[in-house]
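What follows is the content of model.txt (compact mmCIF, C-alpha atoms (C1' of nucleotides)).
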# COMPACT_ATOMS: atom_id res chain seq x y z
CA MET V 997 82.88 162.12 64.11
CA VAL V 998 84.84 160.98 61.14
CA PRO V 999 83.32 157.86 59.59
CA THR V 1000 85.39 154.86 60.47
CA HIS V 1001 85.07 152.56 57.45
CA ASP V 1002 86.47 149.60 59.33
CA ASP V 1003 83.28 148.87 61.22
CA PRO V 1004 82.38 145.21 60.55
CA ARG V 1005 78.78 146.23 59.86
CA TYR V 1006 79.95 148.74 57.29
CA LEU V 1007 82.23 146.23 55.63
CA ARG V 1008 79.52 143.59 55.62
CA SER V 1009 77.07 145.91 53.92
CA ARG V 1010 79.71 146.99 51.49
CA GLU V 1011 80.52 143.43 50.53
CA ALA V 1012 76.85 142.52 50.17
CA ILE V 1013 76.29 145.53 47.93
CA VAL V 1014 79.29 144.83 45.76
CA ALA V 1015 78.32 141.19 45.34
CA ALA V 1016 74.74 142.12 44.52
CA ALA V 1017 75.80 144.80 42.06
CA ARG V 1018 78.06 142.31 40.35
CA GLU V 1019 75.24 139.80 40.18
CA VAL V 1020 72.79 142.31 38.73
CA LEU V 1021 75.31 143.56 36.18
CA LEU V 1022 76.18 140.08 34.98
CA THR V 1023 72.66 138.70 34.80
CA HIS V 1024 70.64 141.72 33.72
CA GLY V 1025 73.12 144.17 32.26
CA PRO V 1026 74.30 147.66 33.16
CA GLY V 1027 70.89 149.14 32.42
CA ALA V 1028 69.37 147.17 35.28
CA LEU V 1029 71.92 148.37 37.82
CA THR V 1030 69.83 150.62 40.07
CA HIS V 1031 70.02 151.22 43.82
CA ALA V 1032 66.65 149.58 44.30
CA ARG V 1033 67.59 146.46 42.39
CA VAL V 1034 70.92 146.09 44.15
CA ALA V 1035 69.28 146.52 47.56
CA GLU V 1036 66.72 143.86 46.74
CA GLN V 1037 69.38 141.46 45.45
CA ALA V 1038 71.55 142.07 48.51
CA GLY V 1039 68.63 141.76 50.91
CA ILE V 1040 69.39 145.07 52.57
CA ALA V 1041 67.68 148.45 52.83
CA ARG V 1042 67.65 150.77 49.86
CA ALA V 1043 68.94 153.67 51.96
CA THR V 1044 72.06 151.69 52.84
CA VAL V 1045 72.99 151.37 49.19
CA TYR V 1046 72.64 155.13 48.78
CA ARG V 1047 74.84 155.67 51.83
CA HIS V 1048 77.66 153.62 50.35
CA TRP V 1049 77.42 154.69 46.71
CA PRO V 1050 75.25 157.78 46.22
CA ARG V 1051 75.47 157.70 42.43
CA SER V 1052 74.60 154.75 40.27
CA ASP V 1053 77.60 155.10 37.97
CA GLN V 1054 79.79 154.46 41.01
CA LEU V 1055 77.80 151.30 41.52
CA LEU V 1056 78.61 150.25 37.98
CA SER V 1057 82.28 151.05 38.47
CA GLU V 1058 82.39 148.93 41.59
CA ALA V 1059 80.54 146.04 40.01
CA MET V 1060 82.89 146.01 37.05
CA ALA V 1061 85.93 146.10 39.27
CA THR V 1062 84.87 142.83 40.90
CA VAL V 1063 85.14 140.88 37.65
CA PRO V 1064 88.72 139.76 37.07
CA MET V 1065 89.85 140.85 33.63
CA PRO V 1066 92.50 139.09 31.60
CA PHE V 1067 96.01 140.53 31.52
CA PHE V 1068 99.33 139.28 30.33
CA ASP V 1069 101.39 137.45 32.90
CA ALA V 1070 105.08 138.18 33.37
CA PRO V 1071 106.86 137.26 30.14
CA ALA V 1072 108.70 133.95 29.98
CA SER V 1073 111.16 132.61 27.48
CA PRO V 1074 110.86 131.62 24.70
CA THR V 1075 108.60 134.58 24.07
CA ARG V 1076 106.73 132.86 21.28
CA ASP V 1077 105.58 130.03 23.56
CA TRP V 1078 104.71 132.47 26.30
CA LEU V 1079 102.68 134.54 23.87
CA VAL V 1080 100.78 131.56 22.52
CA ARG V 1081 99.98 130.48 26.09
CA GLU V 1082 98.83 133.94 27.10
CA LEU V 1083 96.67 134.44 24.03
CA THR V 1084 95.11 131.03 24.43
CA THR V 1085 94.24 131.89 28.00
CA LEU V 1086 92.91 135.25 26.92
CA ALA V 1087 90.77 133.66 24.22
CA GLN V 1088 89.40 131.24 26.75
CA GLN V 1089 88.59 134.01 29.21
CA LEU V 1090 86.85 135.96 26.50
CA GLY V 1091 84.61 132.93 26.17
CA HIS V 1092 83.24 133.60 29.63
CA HIS V 1093 80.05 135.55 29.86
CA ASP V 1094 81.32 137.72 32.72
CA VAL V 1095 84.34 138.90 30.81
CA ARG V 1096 82.33 139.66 27.70
CA VAL V 1097 79.88 141.69 29.73
CA VAL V 1098 82.57 143.76 31.37
CA ALA V 1099 84.50 144.26 28.15
CA THR V 1100 81.53 145.41 26.10
CA THR V 1101 80.16 147.49 28.95
CA LEU V 1102 83.53 149.15 29.30
CA ALA V 1103 83.84 149.92 25.60
CA SER V 1104 80.34 151.32 25.52
CA ALA V 1105 80.33 153.27 28.77
CA ALA V 1106 83.75 154.76 27.99
CA LEU V 1107 82.13 156.79 25.24
CA TRP V 1108 79.89 158.62 27.71
CA GLU V 1109 81.56 158.73 31.11
CA ASP V 1110 84.97 160.14 31.86
CA ASP V 1111 85.96 157.72 34.58
CA MET V 1112 84.93 154.78 32.44
CA ASP V 1113 87.04 156.18 29.67
CA ALA V 1114 89.97 156.46 32.05
CA ARG V 1115 89.46 152.84 33.03
CA ARG V 1116 89.36 151.83 29.38
CA ALA V 1117 92.57 153.75 28.68
CA ARG V 1118 94.38 152.13 31.59
CA PHE V 1119 93.22 148.71 30.51
CA ALA V 1120 94.26 149.20 26.90
CA ASP V 1121 97.58 150.71 27.86
CA LEU V 1122 98.43 147.97 30.30
CA LEU V 1123 97.80 145.25 27.72
CA ALA V 1124 99.65 147.10 24.99
CA SER V 1125 102.62 147.91 27.22
CA ARG V 1126 103.12 144.43 28.58
CA LEU V 1127 102.98 142.95 25.13
CA ALA V 1128 105.24 145.59 23.63
CA ASP V 1129 107.79 145.11 26.40
CA ALA V 1130 107.84 141.37 25.91
CA LEU V 1131 108.27 141.77 22.17
CA ASP V 1132 110.99 144.38 22.54
CA ASP V 1133 112.78 141.99 24.81
CA ALA V 1134 112.41 139.11 22.38
CA ARG V 1135 113.68 141.26 19.58
CA ALA V 1136 116.68 142.37 21.64
CA ARG V 1137 117.48 138.72 22.27
CA GLY V 1138 117.21 138.03 18.56
CA GLU V 1139 114.22 135.76 18.99
CA VAL V 1140 112.10 137.58 16.48
CA ASP V 1141 112.16 139.95 13.54
CA LEU V 1142 109.02 141.99 13.98
CA HIS V 1143 106.98 143.05 10.96
CA THR V 1144 105.38 145.89 12.88
CA ASP V 1145 105.75 148.38 15.67
CA PRO V 1146 105.46 146.52 19.00
CA ARG V 1147 102.83 149.06 20.12
CA ASP V 1148 100.59 147.78 17.34
CA ALA V 1149 100.96 144.19 18.48
CA ALA V 1150 98.15 144.32 21.03
CA ALA V 1151 95.61 145.37 18.42
CA LEU V 1152 96.96 142.77 16.00
CA VAL V 1153 96.73 139.78 18.29
CA ILE V 1154 94.08 140.71 20.86
CA GLY V 1155 91.80 142.39 18.34
CA PRO V 1156 90.83 139.17 16.56
CA LEU V 1157 90.10 137.41 19.86
CA TYR V 1158 88.05 140.34 21.02
CA TYR V 1159 86.12 140.59 17.77
CA ARG V 1160 85.50 136.87 17.74
CA ALA V 1161 84.18 136.95 21.28
CA THR V 1162 82.05 140.10 21.21
CA ILE V 1163 80.89 140.50 17.62
CA GLU V 1164 80.95 137.01 16.15
CA ARG V 1165 80.24 135.53 19.58
CA GLY V 1166 82.37 132.51 19.00
CA THR V 1167 85.55 130.88 20.23
CA THR V 1168 89.07 131.07 18.89
CA ASP V 1169 91.02 127.88 18.31
CA GLU V 1170 94.71 127.15 18.75
CA HIS V 1171 95.43 127.33 15.07
CA VAL V 1172 94.19 130.89 14.78
CA VAL V 1173 96.26 131.89 17.80
CA ALA V 1174 99.34 130.42 16.13
CA THR V 1175 98.56 132.29 12.93
CA LEU V 1176 98.27 135.53 14.90
CA VAL V 1177 101.58 135.05 16.65
CA ASP V 1178 103.33 134.17 13.41
CA GLY V 1179 101.82 137.24 11.78
CA LEU V 1180 103.76 139.48 14.16
CA GLY V 1181 107.10 138.64 12.68
CA ARG V 1182 109.58 135.94 11.84
CA TRP V 1183 110.38 133.79 14.90
CA ARG V 1184 113.68 131.97 15.15
CA MET B 822 39.77 152.41 10.00
CA VAL B 823 43.01 150.74 9.16
CA PRO B 824 45.94 153.09 9.84
CA THR B 825 47.27 154.44 6.58
CA HIS B 826 50.98 155.03 7.19
CA ASP B 827 51.36 157.12 4.07
CA ASP B 828 49.79 160.20 5.59
CA PRO B 829 52.31 163.07 5.20
CA ARG B 830 51.75 164.05 8.82
CA TYR B 831 52.57 160.54 9.94
CA LEU B 832 55.68 160.38 7.81
CA ARG B 833 56.81 163.81 8.96
CA SER B 834 56.50 162.83 12.60
CA ARG B 835 58.24 159.58 11.92
CA GLU B 836 61.17 161.29 10.26
CA ALA B 837 61.44 163.86 13.02
CA ILE B 838 61.44 161.11 15.64
CA VAL B 839 64.03 159.01 13.86
CA ALA B 840 66.31 162.00 13.37
CA ALA B 841 65.92 163.03 16.99
CA ALA B 842 66.52 159.51 18.26
CA ARG B 843 69.65 159.32 16.19
CA GLU B 844 70.83 162.64 17.54
CA VAL B 845 70.19 161.66 21.15
CA LEU B 846 71.88 158.30 20.71
CA LEU B 847 74.97 159.80 19.14
CA THR B 848 75.39 162.71 21.50
CA HIS B 849 74.23 161.27 24.81
CA GLY B 850 74.35 157.51 24.42
CA PRO B 851 71.80 154.71 24.47
CA GLY B 852 71.05 155.32 28.14
CA ALA B 853 69.64 158.74 27.34
CA LEU B 854 67.31 157.45 24.65
CA THR B 855 63.89 157.94 26.26
CA HIS B 856 60.56 158.92 24.75
CA ALA B 857 60.62 162.22 26.61
CA ARG B 858 64.09 163.12 25.44
CA VAL B 859 63.38 162.22 21.83
CA ALA B 860 60.16 164.23 21.87
CA GLU B 861 61.98 167.25 23.24
CA GLN B 862 64.78 166.93 20.68
CA ALA B 863 62.28 166.52 17.85
CA GLY B 864 60.11 169.39 19.07
CA ILE B 865 56.98 167.27 19.07
CA ALA B 866 54.59 165.91 21.68
CA ARG B 867 55.66 163.05 23.89
CA ALA B 868 52.50 161.10 23.10
CA THR B 869 53.35 161.11 19.41
CA VAL B 870 56.60 159.31 20.10
CA TYR B 871 54.71 156.65 22.03
CA ARG B 872 52.28 156.27 19.16
CA HIS B 873 55.07 155.54 16.70
CA TRP B 874 57.34 153.42 18.89
CA PRO B 875 55.63 152.25 22.08
CA ARG B 876 58.76 150.65 23.54
CA SER B 877 62.06 152.38 23.99
CA ASP B 878 64.15 149.48 22.71
CA GLN B 879 62.40 149.92 19.36
CA LEU B 880 63.51 153.53 19.48
CA LEU B 881 67.08 152.38 19.96
CA SER B 882 66.76 149.91 17.09
CA GLU B 883 65.49 152.64 14.81
CA ALA B 884 68.16 155.10 15.83
CA MET B 885 70.90 152.58 15.21
CA ALA B 886 69.50 151.66 11.82
CA THR B 887 69.93 155.26 10.66
CA VAL B 888 73.69 155.16 11.07
CA PRO B 889 75.32 153.64 7.97
CA MET B 890 77.61 150.84 9.03
CA PRO B 891 80.66 149.73 7.06
CA PHE B 892 80.41 146.65 4.88
CA PHE B 893 82.57 145.16 2.22
CA ASP B 894 81.86 146.29 -1.31
CA ALA B 895 81.61 143.86 -4.19
CA PRO B 896 85.00 142.18 -4.59
CA ALA B 897 87.30 143.40 -7.32
CA SER B 898 90.44 141.93 -8.76
CA PRO B 899 93.21 141.69 -7.72
CA THR B 900 91.70 140.63 -4.42
CA ARG B 901 94.64 141.83 -2.39
CA ASP B 902 94.26 145.41 -3.60
CA TRP B 903 90.52 145.29 -3.10
CA LEU B 904 90.97 144.00 0.43
CA VAL B 905 93.51 146.68 1.33
CA ARG B 906 91.15 149.32 -0.02
CA GLU B 907 88.17 147.94 1.87
CA LEU B 908 90.04 147.59 5.14
CA THR B 909 91.45 151.08 4.84
CA THR B 910 87.94 152.40 4.33
CA LEU B 911 86.69 150.35 7.23
CA ALA B 912 89.45 151.63 9.50
CA GLN B 913 88.61 155.16 8.51
CA GLN B 914 84.92 154.65 9.19
CA LEU B 915 85.71 153.16 12.59
CA GLY B 916 87.40 156.46 13.30
CA HIS B 917 84.02 158.18 13.17
CA HIS B 918 82.25 158.71 16.42
CA ASP B 919 78.89 157.61 15.02
CA VAL B 920 80.20 154.26 13.88
CA ARG B 921 81.96 153.61 17.17
CA VAL B 922 78.80 154.41 19.08
CA VAL B 923 76.68 152.03 17.03
CA ALA B 924 79.28 149.27 17.08
CA THR B 925 79.82 149.33 20.83
CA THR B 926 76.13 149.80 21.53
CA LEU B 927 75.40 146.81 19.32
CA ALA B 928 77.97 144.60 21.01
CA SER B 929 76.72 145.59 24.43
CA ALA B 930 72.97 145.51 23.81
CA ALA B 931 73.24 142.18 22.00
CA LEU B 932 74.04 140.56 25.32
CA TRP B 933 70.68 141.54 26.79
CA GLU B 934 68.13 141.86 24.00
CA ASP B 935 67.22 139.20 21.49
CA ASP B 936 66.59 141.46 18.54
CA MET B 937 69.85 143.28 19.12
CA ASP B 938 71.59 139.95 19.18
CA ALA B 939 69.94 139.03 15.90
CA ARG B 940 71.16 142.29 14.42
CA ARG B 941 74.66 141.61 15.69
CA ALA B 942 74.60 138.10 14.20
CA ARG B 943 73.46 139.39 10.82
CA PHE B 944 76.12 142.06 10.84
CA ALA B 945 78.89 139.65 11.78
CA ASP B 946 77.75 137.05 9.31
CA LEU B 947 77.50 139.48 6.45
CA LEU B 948 81.03 140.74 6.97
CA ALA B 949 82.43 137.26 7.43
CA SER B 950 80.61 135.87 4.39
CA ARG B 951 81.60 138.60 1.99
CA LEU B 952 85.20 138.35 3.01
CA ALA B 953 85.22 134.56 2.92
CA ASP B 954 83.64 134.56 -0.53
CA ALA B 955 86.19 136.99 -1.87
CA LEU B 956 89.03 134.96 -0.42
CA ASP B 957 87.63 131.68 -1.71
CA ASP B 958 87.45 133.23 -5.11
CA ALA B 959 91.00 134.54 -4.91
CA ARG B 960 92.20 131.13 -3.86
CA ALA B 961 90.36 129.46 -6.71
CA ARG B 962 92.08 131.84 -9.11
CA GLY B 963 95.42 131.00 -7.55
CA GLU B 964 95.94 134.53 -6.25
CA VAL B 965 96.60 133.43 -2.71
CA ASP B 966 97.62 130.52 -0.51
CA LEU B 967 95.61 131.07 2.65
CA HIS B 968 97.12 130.27 6.04
CA THR B 969 93.71 129.94 7.63
CA ASP B 970 90.07 129.07 7.12
CA PRO B 971 88.44 131.90 5.14
CA ARG B 972 85.69 132.07 7.79
CA ASP B 973 88.33 133.15 10.29
CA ALA B 974 89.53 135.95 8.04
CA ALA B 975 86.99 138.50 9.25
CA ALA B 976 88.11 138.17 12.85
CA LEU B 977 91.74 138.26 11.77
CA VAL B 978 91.59 141.45 9.75
CA ILE B 979 88.60 143.34 11.14
CA GLY B 980 89.32 142.45 14.75
CA PRO B 981 92.45 144.58 15.01
CA LEU B 982 90.73 147.58 13.44
CA TYR B 983 87.79 147.16 15.78
CA TYR B 984 89.97 146.77 18.84
CA ARG B 985 92.04 149.77 17.85
CA ALA B 986 88.95 151.89 17.40
CA THR B 987 86.88 150.84 20.41
CA ILE B 988 89.37 149.78 23.09
CA GLU B 989 92.55 151.65 22.27
CA ARG B 990 90.56 154.51 20.75
CA GLY B 991 93.08 155.16 18.05
CA THR B 992 93.48 155.00 14.31
CA THR B 993 94.97 152.30 12.14
CA ASP B 994 97.57 153.21 9.55
CA GLU B 995 98.19 151.78 6.10
CA HIS B 996 101.15 149.75 7.19
CA VAL B 997 99.14 147.81 9.74
CA VAL B 998 96.45 147.13 7.15
CA ALA B 999 99.10 145.73 4.83
CA THR B 1000 100.47 143.56 7.61
CA LEU B 1001 96.99 142.23 8.28
CA VAL B 1002 96.35 141.36 4.67
CA ASP B 1003 99.72 139.68 4.31
CA GLY B 1004 99.04 137.71 7.47
CA LEU B 1005 96.12 135.96 5.79
CA GLY B 1006 98.31 134.02 3.41
CA ARG B 1007 100.90 134.19 0.68
CA TRP B 1008 99.79 136.49 -2.14
CA ARG B 1009 101.12 135.99 -5.66
C1' DA A 634 77.13 147.97 81.01
C1' DT A 635 77.69 151.99 78.12
C1' DC A 636 78.31 154.61 74.26
C1' DC A 637 78.70 155.15 69.40
C1' DT A 638 77.64 154.27 64.73
C1' DA A 639 75.48 151.75 60.86
C1' DT A 640 71.40 149.75 59.47
C1' DG A 641 66.27 148.91 58.56
C1' DA A 642 61.98 150.59 57.89
C1' DG A 643 59.38 153.83 56.43
C1' DA A 644 57.67 158.62 55.22
C1' DC A 645 58.06 162.07 51.92
C1' DA A 646 58.37 165.19 47.82
C1' DT A 647 59.67 165.02 43.26
C1' DC A 648 60.37 163.15 38.82
C1' DT A 649 59.48 159.62 35.26
C1' DT A 650 56.71 156.54 32.71
C1' DG A 651 53.03 154.99 30.00
C1' DA A 652 48.10 155.42 29.06
C1' DC A 653 44.31 158.13 27.97
C1' DT A 654 41.28 162.16 26.33
C1' DC A 655 39.85 165.68 23.38
C1' DA A 656 40.04 169.80 20.66
C1' DG A 657 42.06 171.36 16.56
C1' DA A 658 44.89 171.18 12.55
C1' DG A 659 46.38 168.80 8.23
C1' DC A 660 45.30 166.10 4.49
C1' DG A 661 42.65 163.46 0.73
C1' DC A 662 38.76 163.68 -1.85
C1' DC A 663 35.02 165.55 -4.14
C1' DG L 282 36.30 175.63 -1.58
C1' DG L 283 34.11 172.45 1.62
C1' DC L 284 33.65 167.91 3.94
C1' DG L 285 35.21 163.97 6.44
C1' DC L 286 38.77 161.49 8.39
C1' DT L 287 42.97 160.85 10.91
C1' DC L 288 47.01 162.48 13.13
C1' DT L 289 49.00 165.57 16.36
C1' DG L 290 49.59 168.71 20.56
C1' DA L 291 48.59 169.55 25.00
C1' DG L 292 47.15 168.17 28.90
C1' DT L 293 45.62 164.94 32.75
C1' DC L 294 46.19 160.94 35.37
C1' DA L 295 47.79 156.84 38.07
C1' DA L 296 51.57 154.10 39.08
C1' DG L 297 56.16 153.63 39.90
C1' DA L 298 60.97 155.20 40.45
C1' DT L 299 64.24 158.18 42.72
C1' DG L 300 66.68 160.54 46.19
C1' DT L 301 66.45 162.49 50.94
C1' DC L 302 65.39 162.37 55.67
C1' DT L 303 64.08 160.64 60.33
C1' DC L 304 64.17 157.65 64.07
C1' DA L 305 64.20 153.44 66.63
C1' DT L 306 67.17 149.59 67.15
C1' DA L 307 70.81 146.29 66.76
C1' DG L 308 76.00 145.40 66.50
C1' DG L 309 80.29 146.23 68.02
C1' DA L 310 84.20 148.65 70.70
C1' DT L 311 85.69 149.85 75.24
Take the structure I supplied and represent it as structure tokens, if you would.
Amino acid sequence: MVPTHDDPRYLRSREAIVAAAREVLLTHGPGALTHARVAEQAGIARATVYRHWPRSDQLLSEAMATVPMPFFDAPASPTRDWLVRELTTLAQQLGHHDVRVVATTLASAALWEDDMDARRARFADLLASRLADALDDARARGEVDLHTDPRDAAALVIGPLYYRATIERGTTDEHVVATLVDGLGRWR
Amino acid sequence: MVPTHDDPRYLRSREAIVAAAREVLLTHGPGALTHARVAEQAGIARATVYRHWPRSDQLLSEAMATVPMPFFDAPASPTRDWLVRELTTLAQQLGHHDVRVVATTLASAALWEDDMDARRARFADLLASRLADALDDARARGEVDLHTDPRDAAALVIGPLYYRATIERGTTDEHVVATLVDGLGRWR
DNA sequence: ATCCTATGAGACATCTTGACTCAGAGCGCC
DNA sequence: GGCGCTCTGAGTCAAGATGTCTCATAGGAT
């Protein structure tokens, strides 16, 4: 009666579809993400794809969810060193094609689809919160005198990396990361 | 024999198509930009749209070109004041839906289409060059000691505004702009 | 071995896409 | 005003895409 969803055949198809959707998204872009194309890439029947994800925007959601996006790790002390490490990692991840695809697709799709916008909001909020918390903590410990509101910090330090990666299509070096961190406030 | 291209009928159709394409792009997104939809929006025959722009990516190019994008004006002195003015304007323009649509569409489409990537590169280079030139000039006049390479300045100051507008979907206030400008170097 | 469920293969109607045709209207020119 | 020329509107058409449905069969639980 009720669909099981733990049938090995079901899970196998599901995995094949997700992997194929991911592949299509990353190599041909969100515009190429159709049921037919995913079925072909996965080597399964078109009807099966429809059974799992009836609408193609769900397919896109799923495909995007499979690409690991950069987040801030748990803060460490001293906060300045932690922040430099995290931003360097983030800059490096933004150098990867997969991450750029998902980031730009997210920013673009969020303007037209509600669930994509919700995903964007969660993503932005998570980054901003983690950074703000770490900075609040550093400030409480007297490690830094901030020049700005901690909630602005994400835009201030991630923004340049993001712009560099998606608009200028280049990489960000260590020196720029250090400049960004020092721009947040006076570190002791 | 040879198509004229200054026939009033031709120009009228062209204008109607461009306006309609712009409208469709801005209200329904690049995915909705089809010949049929543009024809309907423009109130003209579908075949006419094909005659003017046979491929739909050309339609997208045209539509995007109709939206005025922010650039830096000619530098004024003192450079710091000019820069604050320009960045404030830029932040305000990034608050407009039209500009966000074109910016995110550009970043996204550039990953999949060569001419979009060329457009992106021109856009990024123009912004970076104008800013770098203005900063070089300010440095030569002794107005500023830069902390970074002037070619990095665009990412450093535009990046946060761009991130704020497209990922966090918020506005940037004057104080943040001032922080950004002061982060570039020591102004005299 | 038996039953149940998911899949594969295909049929099917419908919609979309891009090309083409042709009559008629709009425009430049005299 | 009248005469050509060219562009447009409206429609047709074939090919392909899209979404639904059916049914035989294979995979897996018991």
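When only C-alpha atoms are used to measure the gap to Ala924 (chain B), the shortest distance among B:Leu847, B:Leu880, B:Leu908, B:Leu832 belongs to B:Leu847.
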> Which one is closest to DG285 (chain L): A:DC662, A:DA639, A:DA656, A:DC648? Count all atoms listed in the file.
Replying inline: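 Nearest to DG285 (chain L): A:DC662.
Every protein or nucleic acid residue with an atom no more than 9 Å from Ile979 (chain B), counting all atoms listed in the file and leaving out same-chain residues fewer than 5 positions away, appears here: Gly1155, Pro1156 and Tyr1159 of chain V; Leu908, Leu911, Ala912, Ala974, Tyr984 and Leu1001 of chain B.
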Please, could you write that set of residues out with C-alpha atoms as a PDB file, in the frame of the given file?
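The result, stored in result03.pdb:
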ATOM      1  CA  GLY V1155      91.800 142.390  18.340  1.00  0.00           C
ATOM      2  CA  PRO V1156      90.830 139.170  16.560  1.00  0.00           C
ATOM      3  CA  TYR V1159      86.120 140.590  17.770  1.00  0.00           C
TER       4      TYR V1159
ATOM      5  CA  LEU B 908      90.040 147.590   5.140  1.00  0.00           C
ATOM      6  CA  LEU B 911      86.690 150.350   7.230  1.00  0.00           C
ATOM      7  CA  ALA B 912      89.450 151.630   9.500  1.00  0.00           C
ATOM      8  CA  ALA B 974      89.530 135.950   8.040  1.00  0.00           C
ATOM      9  CA  TYR B 984      89.970 146.770  18.840  1.00  0.00           C
ATOM     10  CA  LEU B1001      96.990 142.230   8.280  1.00  0.00           C
TER      11      LEU B1001
END
Please report, as JSON, the centre and edge lengths in Å to one decimal of an axis-aligned box covering all listed atoms of region 634-651 of chain A with 4 Å per side.
{"center_x": 65.9, "center_y": 156.6, "center_z": 55.5, "size_x": 33.7, "size_y": 25.2, "size_z": 59.0}
> Which polymer residues have any atom within 10 Å of an atom of region 1029-1036 of chain V, counting all atoms listed in the file, with same-chain residues fewer than 3 positions away left out, as number ranges by chain?
Replying inline: V: 1012-1022, 1024-1026, 1039-1046, 1049-1053, 1055-1056, 1059; L: 298-299
> Mind listing as a ChimeraX atom specification which residues of chain V are within 7 Å of chain B, counting only C-alpha atoms?
Replying inline: /V:1024-1025,1100-1101,1103-1104,1108,1116-1117,1120,1151-1152,1155-1156,1158-1160,1162-1164,1179
Can I get the residues of chain V within 8 Å of chain L, each with the closest pair of atoms and their distance in Å to one decimal, using all atoms listed in the file, sorted chain first then ascending number, as a tab-separated table?
residue	atom	partner	partner_atom	distance
V:Asp1003	CA	L:DG309	C1'	7.9
V:Pro1004	CA	L:DG309	C1'	7.8
V:Arg1005	CA	L:DG308	C1'	7.2
>> Using all atoms listed in the file and a cut-off of 9 Å, which residues of chain A sit close to chain V? Please list them as a PyMOL selection string.
In response: chain A and resi 638-642
> At what distance in Å, to one decimal, does CA of Arg951 (chain B) lie from CA of Pro889 (chain B)?
Replying inline: 17.4 Å
> Using all atoms listed in the file, which of the listed residues (V:Ala1028, V:Val1063, V:Leu1127, V:Ala1136) sits closest to Val1080 (chain V)?
Replying inline: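 Looking at the shortest contact to Val1080 (chain V), the residue is V:Leu1127.
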> What gap, in Å, lies between CA of Leu1131 (chain V) and CA of Asp966 (chain B)?
Replying inline: 27.5 Å
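Between CA of His873 (chain B) and C1' of DA652 (chain A) there is a distance of 14.2 Å.
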Shell of 12 Å around Asp902 (chain B), only C-alpha atoms (C1' of nucleotides), local chain residues under 3 positions omitted, as a compact mmCIF listing (two decimals) with C-alpha atoms, keeping the file's coordinate frame:
# COMPACT_ATOMS: atom_id res chain seq x y z
CA PRO B 896 85.00 142.18 -4.59
CA ALA B 897 87.30 143.40 -7.32
CA SER B 898 90.44 141.93 -8.76
CA PRO B 899 93.21 141.69 -7.72
CA VAL B 905 93.51 146.68 1.33
CA ARG B 906 91.15 149.32 -0.02
CA GLU B 907 88.17 147.94 1.87
CA LEU B 908 90.04 147.59 5.14
CA THR B 909 91.45 151.08 4.84
CA ALA B 955 86.19 136.99 -1.87
CA ALA B 959 91.00 134.54 -4.91
CA GLU B 964 95.94 134.53 -6.25
CA VAL B 998 96.45 147.13 7.15
CA ALA B 999 99.10 145.73 4.83
CA VAL B 1002 96.35 141.36 4.67
CA ASP B 1003 99.72 139.68 4.31
CA TRP B 1008 99.79 136.49 -2.14
CA ARG B 1009 101.12 135.99 -5.66
